[in-house]
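*Asks:* Starting off with a structure, shown below.
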Amino acid sequence: MDVFQAMVEMRAMRRLKPDPVPADLIREVITYATHAPSGSNSQGWRFVVVTDPAKRAAIGEYYRQAVDNYLATMNTAPLPHQTRDEWERLCAAVRWQGDHVGEAPVLIFPCLKGARRGLEHATASRALAASVYPAVENLLLACRAKGLGATLTTLHFGHEAAIDELLGLPADAATFAMIPVGYPMGNFGPTRRLPVETVIGWDGWGE
Ligand SMILES: Cc1cc2nc3c(=O)[nH]c(=O)nc-3n(C[C@H](O)[C@H](O)[C@H](O)COP(=O)(O)O)c2cc1C
C-alpha cells in the first residue's frame, strides 16, 4: 500500500471482530514499529502483546470503567471543528470499544524501560514520549497497510498501577498506550482534518 494512502486512511478503528490475528502478523507490524526513530537510537521500547483471554477480560473491565468515567465527565458539546453528527458517532464508537475491548483479539502496550523517573518531570517526559510515539505511529500505519484495525488509546492510564501489575511491568517501566488490534467490522476510509493552512505558522506562530 502507498504510504500516503495509509496516512490519510489510518483512522481509529474501534469496532473489531473477535477473530484471532496470526502471531506472525503481529510480529510483522511490530517489526515496522521498531524501525521508528528514538533518542540516540536508544530503542528502549518493549511491546507487551496481550492475547490471553483472562488478561484481556481483566484489562477490558478496567478500560470499560475508564470509558464510563470519561463519557460521564467529558464536555458533551462537539469541538468547534466537529459537526454534532461526527461528535455523536465518535462518542458511540468510544462507548462500543469501552464495552468490547476485552474481546479484541490483541491488545498491544508500547512501553519504555526506565521511563518511570523521567515521567515525573515535564520536559523529560516529553523527550521520553518522543522516543516511543513514532514507533506507535509506525505500528498503526503498518496495521492499516495490513488490513488490521487499531486505535491509539490512553484511557487505561486511569487504572495504571493495576494494569502495570497485570502486565508484569518492572517498577521503572511505563506503558504509553494501549492499542487494541483486530480485523475491523467497518470499512477503512479517509480521515477528516482541518485545512493544512490553518495549522501552519510560516517563520513563527502567526495568526
Ligand atoms: C494521545 C491520544 C490519546 C487517545 N486516547 C484514546 C482513548 O483513550 N480512547 C479512544 O477511543 N481513542 C483515543 N484516541 C484516538 C482519537 O480519539 C482519534 O485518533 C481521533 O479521534 C481521530 O480519529 P480518526 O483518525 O478516526 O479521525 C487517542 C488518540 C491520541 C493521539
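Simple scheme: letters A, B, ... for chains in C-alpha cells order, numbers from 1 for residues in each chain, numbers from 1 for ligands in the order shown.
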May I have all residues of chain A that DSSP, computed from the backbone, assigns to strand (DSSP E), given as a list in words?
*Replies:*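 Assigned to strand (DSSP E), within chain A: Trp45, Arg46, Phe47, Val48, Val49, Val50, Val106, Leu107, Ile108, Phe109, Pro110, Cys111, Leu112, Gly149, Ala150, Ala174, Thr175, Ile179, Pro180, Val181 and Gly182 of chain A.
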*Asks:* Report as a ChimeraX atom specification all protein, DNA and RNA residues lying within 9 Å of segment 111-114 of chain A, evaluated on only C-alpha atoms, omitting residues in the same chain fewer than 4 positions from it.
*Replies:* /A:43-48,118,128-129,131-132,169-177
*Asks:* Any chance you could export the current selection's C-alpha atoms as an mmCIF file, in the first residue's frame?
*Replies:*
data_model
loop_
_atom_site.group_PDB
_atom_site.id
_atom_site.type_symbol
_atom_site.label_atom_id
_atom_site.label_comp_id
_atom_site.auth_asym_id
_atom_site.auth_seq_id
_atom_site.Cartn_x
_atom_site.Cartn_y
_atom_site.Cartn_z
ATOM 1 C CA GLN A 43 15.246 1.660 21.278
ATOM 2 C CA GLY A 44 14.179 1.446 24.900
ATOM 3 C CA TRP A 45 10.744 0.228 23.943
ATOM 4 C CA ARG A 46 9.077 -3.063 24.681
ATOM 5 C CA PHE A 47 5.768 -4.092 23.129
ATOM 6 C CA VAL A 48 3.685 -6.119 25.545
ATOM 7 C CA GLY A 118 11.528 10.810 33.850
ATOM 8 C CA LEU A 128 10.538 10.098 26.645
ATOM 9 C CA ALA A 129 7.254 10.238 24.769
ATOM 10 C CA SER A 131 11.086 8.074 21.845
ATOM 11 C CA VAL A 132 8.012 5.863 21.772
ATOM 12 C CA LEU A 169 5.992 -4.391 34.217
ATOM 13 C CA PRO A 170 9.257 -3.732 36.092
ATOM 14 C CA ALA A 171 8.946 -0.831 38.563
ATOM 15 C CA ASP A 172 10.870 1.590 36.321
ATOM 16 C CA ALA A 173 8.919 0.856 33.112
ATOM 17 C CA ALA A 174 5.721 2.510 31.908
ATOM 18 C CA THR A 175 3.068 1.935 29.268
ATOM 19 C CA PHE A 176 2.480 4.784 26.807
ATOM 20 C CA ALA A 177 -0.638 3.492 25.059
#
*Asks:* Write out as a Markdown table a residue-level contact list of chain A versus ligand 1 with cut-off 7 Å: for each qualifying residue the closest pair of atoms and the distance in Å to one decimal, counting only C-alpha atoms and all ligand atoms, rows sorted by chain and residue number upward.
*Replies:*
| residue | atom | partner | partner_atom_place_in_ligand_line | distance |
| --- | --- | --- | --- | --- |
| A:Met10 | CA | ligand 1 | 25 (O) | 6.2 |
| A:Arg11 | CA | ligand 1 | 25 (O) | 3.5 |
| A:Ala12 | CA | ligand 1 | 26 (O) | 3.8 |
| A:Met13 | CA | ligand 1 | 26 (O) | 6.7 |
| A:Arg14 | CA | ligand 1 | 11 (O) | 6.7 |
| A:Leu90 | CA | ligand 1 | 21 (O) | 7.0 |
| A:Val94 | CA | ligand 1 | 11 (O) | 4.7 |
| A:Gln97 | CA | ligand 1 | 11 (O) | 6.8 |
| A:Thr151 | CA | ligand 1 | 15 (C) | 6.0 |
| A:Leu152 | CA | ligand 1 | 28 (C) | 5.0 |
| A:Thr153 | CA | ligand 1 | 6 (C) | 3.5 |
| A:Thr154 | CA | ligand 1 | 8 (O) | 3.9 |
| A:Leu155 | CA | ligand 1 | 8 (O) | 3.8 |
| A:His156 | CA | ligand 1 | 8 (O) | 6.9 |
| A:Thr191 | CA | ligand 1 | 27 (O) | 4.8 |
| A:Arg192 | CA | ligand 1 | 27 (O) | 6.0 |
*Asks:* List as a ChimeraX atom specification the protein and nucleic acid residues near Asp19 of chain A, meaning an atom at most 9 Å away when only C-alpha atoms are counted, but skip any in the same chain fewer than 4 places from it.
*Replies:* /A:104-105,182-183
*Asks:* Give me the residues within 8 Å of Val50 of chain A as a list in words, counting only C-alpha atoms and dropping any in the same chain fewer than 4 places off.
*Replies:*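 Within the cut-off, the hits are Lys55, Arg56, Val106, Leu107 and Ile108 of chain A.
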*Asks:* For the selection you just gave me, I'd like the residues written to a file as a PDB file, in the first residue's frame, keeping N, CA and C atoms.
*Replies:*
ATOM      1  N   LYS A  55      -6.576 -12.266  30.781  1.00  0.00           N
ATOM      2  CA  LYS A  55      -5.924 -10.948  30.935  1.00  0.00           C
ATOM      3  C   LYS A  55      -6.665  -9.887  30.131  1.00  0.00           C
ATOM      4  N   ARG A  56      -7.100 -10.254  28.915  1.00  0.00           N
ATOM      5  CA  ARG A  56      -7.842  -9.274  28.097  1.00  0.00           C
ATOM      6  C   ARG A  56      -9.147  -8.889  28.775  1.00  0.00           C
ATOM      7  N   VAL A 106      -6.228  -8.852  20.251  1.00  0.00           N
ATOM      8  CA  VAL A 106      -4.863  -8.482  20.645  1.00  0.00           C
ATOM      9  C   VAL A 106      -4.879  -7.079  21.264  1.00  0.00           C
ATOM     10  N   LEU A 107      -4.215  -6.954  22.389  1.00  0.00           N
ATOM     11  CA  LEU A 107      -4.011  -5.628  22.987  1.00  0.00           C
ATOM     12  C   LEU A 107      -2.504  -5.410  23.045  1.00  0.00           C
ATOM     13  N   ILE A 108      -2.034  -4.340  22.402  1.00  0.00           N
ATOM     14  CA  ILE A 108      -0.585  -4.076  22.399  1.00  0.00           C
ATOM     15  C   ILE A 108      -0.305  -2.851  23.277  1.00  0.00           C
TER      16      ILE A 108
END
*Asks:* What lies within 7 Å of Gly102 of chain A using only C-alpha atoms, ignoring chain neighbours under 6 positions off, as a count of residues only?
*Replies:* 4
*Asks:* In terms of the shortest atom-to-atom distance over only C-alpha atoms, which of A:Ala66, A:Leu79, A:Val181, A:Ala72 is closest to Leu139 of chain A?
*Replies:*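 Closest to Leu139 of chain A, using only C-alpha atoms: A:Val181.
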*Asks:* In terms of the shortest atom-to-atom distance over only C-alpha atoms, which of A:Pro190, A:Gly98, A:Pro110, A:Gly149 is closest to Met178 of chain A?
*Replies:*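 Between A:Pro190, A:Gly98, A:Pro110, A:Gly149, the residue approaching Met178 of chain A most closely is A:Pro110.
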*Asks:* Just give me the gap between atom CA of Tyr32 of chain A and atom CA of Ala130 of chain A in Å, one decimal is fine.
*Replies:*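 Atom-to-atom, atom CA of Tyr32 of chain A to atom CA of Ala130 of chain A, that is 16.9 Å.
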*Asks:* Quick one: of A:Ala23, A:Cys91, A:Ala58, A:Ala36, who's nearest to Ile163 of chain A, counting only C-alpha atoms?
*Replies:*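 Between A:Ala23, A:Cys91, A:Ala58, A:Ala36, the residue approaching Ile163 of chain A most closely is A:Ala58.
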*Asks:* Ranking A:Asn69, A:Thr123, A:Thr83, A:Thr51 by minimum distance to Pro180 of chain A and counting only C-alpha atoms, which one comes first?
*Replies:* A:Thr51
*Asks:* Enumerate as a ChimeraX atom specification all residues of segment 9-196 of chain A assigned to helix (DSSP H, G or I) by DSSP on the backbone, naming them with the chain letters and numbers the document uses.
*Replies:* /A:9,23-33,39-41,53-73,84-103,118-120,122-130,133-145,155-167,196
*Asks:* Ranking A:Ile200, A:Leu16, A:Ala54, A:Val101 by minimum distance to Gly186 of chain A and counting only C-alpha atoms, which one comes first?
*Replies:*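 Checking each of A:Ile200, A:Leu16, A:Ala54, A:Val101 against Gly186 of chain A, counting only C-alpha atoms, the winner is A:Leu16.
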*Asks:* May I ask which of the residues A:Arg117, A:Arg89, A:His81, A:His100 is the closest one to Glu61 of chain A, counting only C-alpha atoms?
*Replies:*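 Ranking A:Arg117, A:Arg89, A:His81, A:His100 by distance to Glu61 of chain A, first place goes to A:His100.
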